[in-house]
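Undergrad: Encoded as structure tokens, here's the structure I'll be asking about.
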Amino acid sequence: MAQYEHLPIYKAAFDLLLYFEKIVSNFSRYHKFTHGSCLRNLAREVIMLIVRANNSTDKLSALEEVRIKLEELKVVIRICKEIQAFPNFNSFQTSINQVIEIAKQNEGWMRSQASRKRPDSPTNAPG
């Protein structure tokens, strides 16, 4: 089994989950068990998908799932902002910035994997 704890994307996703665990405790009771649970669950799913991608031979499909989950997470964060579930604007800003940073790392990983899978272009083919 491949190691994943050293991956910057894993560390960032884990930090995001810990941040959500902390910040959701300050949500009102209603928001804590609806939107707060959604934030925490999506963050856990992102971490599990990163682990799956790292252990998979077809990393691109798992990384595409990470991309989708991060987009879903952005939507939930935006909803939490609009309904004022976050205790302050800084909580929203920190959350969205962390998700954006993870998304950038994911895109970089996807580009790296895509370049490895590309066959030689016709101009580079021996012949």
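So you can find residues: chains in the structure tokens are A, B, ... in the order shown, residues in each start at 1, and ligands are numbered from 1 in order.
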What lies within 8 Å of range 19-36 of chain A using only C-alpha atoms, ignoring chain neighbours under 4 positions off, as a list in words?

TA: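 That gives Asp15, Arg40, Val76, Cys80, Ala85, Phe86, Pro87, Ser91 and Ser95 of chain A.
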
Undergrad: Give me, as a ChimeraX atom specification, all polymer residues having an atom no more than 8 Å from Asn106 in chain A, counting only C-alpha atoms and skipping those fewer than 2 positions away in the same chain.

TA: /A:9,63,66-67,102-104,108-110

Undergrad: Please write the residues from the selection above to a file, keeping C-alpha atoms, as an mmCIF file, in the first residue's frame.

TA:
```cif
data_model
loop_
_atom_site.group_PDB
_atom_site.id
_atom_site.type_symbol
_atom_site.label_atom_id
_atom_site.label_comp_id
_atom_site.auth_asym_id
_atom_site.auth_seq_id
_atom_site.Cartn_x
_atom_site.Cartn_y
_atom_site.Cartn_z
ATOM 1 C CA ILE A 9 -2.764 17.581 -0.784
ATOM 2 C CA LEU A 63 -8.717 12.727 -8.977
ATOM 3 C CA VAL A 66 -11.860 14.709 -5.865
ATOM 4 C CA ARG A 67 -12.494 17.646 -8.215
ATOM 5 C CA ILE A 102 -6.644 21.842 -2.327
ATOM 6 C CA ALA A 103 -8.329 22.218 -5.724
ATOM 7 C CA LYS A 104 -5.156 23.786 -7.156
ATOM 8 C CA GLY A 108 -1.631 19.995 -10.642
ATOM 9 C CA TRP A 109 -1.699 16.306 -9.782
ATOM 10 C CA MET A 110 -4.188 15.699 -12.590
#
```

Undergrad: At what distance in Å, to one decimal, does CA of Leu49 in chain A lie from CA of Gln3 in chain A?

TA: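 We find that CA of Gln3 in chain A and CA of Leu49 in chain A lie 13.9 Å from each other.
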
Undergrad: Compile the contact shell of Phe89 in chain A as number ranges by chain: residues with an atom at most 12 Å away, counting only C-alpha atoms, same-chain residues fewer than 5 positions apart removed.

TA: A: 23, 77-78, 80-84, 94-96

Undergrad: Store the residues of this selection in a file with N, CA and C atoms, as a PDB file, in the first residue's frame.

TA:
```pdb
ATOM      1  N   ILE A  23     -14.839  24.498  13.592  1.00  0.00           N
ATOM      2  CA  ILE A  23     -15.725  25.618  13.283  1.00  0.00           C
ATOM      3  C   ILE A  23     -17.202  25.225  13.360  1.00  0.00           C
ATOM      4  N   ILE A  77     -20.167  25.463   1.320  1.00  0.00           N
ATOM      5  CA  ILE A  77     -19.552  26.585   2.044  1.00  0.00           C
ATOM      6  C   ILE A  77     -20.279  27.877   1.693  1.00  0.00           C
ATOM      7  N   ARG A  78     -20.586  28.060   0.420  1.00  0.00           N
ATOM      8  CA  ARG A  78     -21.300  29.271  -0.011  1.00  0.00           C
ATOM      9  C   ARG A  78     -22.688  29.336   0.619  1.00  0.00           C
ATOM     10  N   CYS A  80     -23.544  27.989   3.474  1.00  0.00           N
ATOM     11  CA  CYS A  80     -23.322  28.313   4.890  1.00  0.00           C
ATOM     12  C   CYS A  80     -23.075  29.804   5.085  1.00  0.00           C
ATOM     13  N   LYS A  81     -22.381  30.411   4.150  1.00  0.00           N
ATOM     14  CA  LYS A  81     -22.142  31.861   4.232  1.00  0.00           C
ATOM     15  C   LYS A  81     -23.454  32.619   4.087  1.00  0.00           C
ATOM     16  N   GLU A  82     -24.235  32.226   3.081  1.00  0.00           N
ATOM     17  CA  GLU A  82     -25.480  32.950   2.801  1.00  0.00           C
ATOM     18  C   GLU A  82     -26.499  32.829   3.930  1.00  0.00           C
ATOM     19  N   ILE A  83     -26.544  31.690   4.590  1.00  0.00           N
ATOM     20  CA  ILE A  83     -27.505  31.513   5.692  1.00  0.00           C
ATOM     21  C   ILE A  83     -26.910  31.922   7.032  1.00  0.00           C
ATOM     22  N   GLN A  84     -25.694  32.440   6.976  1.00  0.00           N
ATOM     23  CA  GLN A  84     -24.985  32.941   8.156  1.00  0.00           C
ATOM     24  C   GLN A  84     -24.750  31.856   9.207  1.00  0.00           C
ATOM     25  N   THR A  94     -11.529  31.564   5.398  1.00  0.00           N
ATOM     26  CA  THR A  94     -10.539  30.516   5.643  1.00  0.00           C
ATOM     27  C   THR A  94     -10.972  29.217   4.981  1.00  0.00           C
ATOM     28  N   SER A  95     -12.237  28.865   5.135  1.00  0.00           N
ATOM     29  CA  SER A  95     -12.757  27.621   4.550  1.00  0.00           C
ATOM     30  C   SER A  95     -12.617  27.613   3.040  1.00  0.00           C
ATOM     31  N   ILE A  96     -13.075  28.660   2.393  1.00  0.00           N
ATOM     32  CA  ILE A  96     -13.060  28.689   0.932  1.00  0.00           C
ATOM     33  C   ILE A  96     -11.627  28.743   0.403  1.00  0.00           C
TER      34      ILE A  96
END
```

Undergrad: What is the CA of Leu16 in chain A to CA of Asp58 in chain A distance in Å?

TA: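 About the pair CA of Leu16 in chain A and CA of Asp58 in chain A: they are 25.4 Å apart.
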
Undergrad: Measuring between only C-alpha atoms, which one of A:Leu39, A:Leu7, A:Leu17, A:Leu60 shows the shortest distance to Glu107 in chain A?

TA: A:Leu60
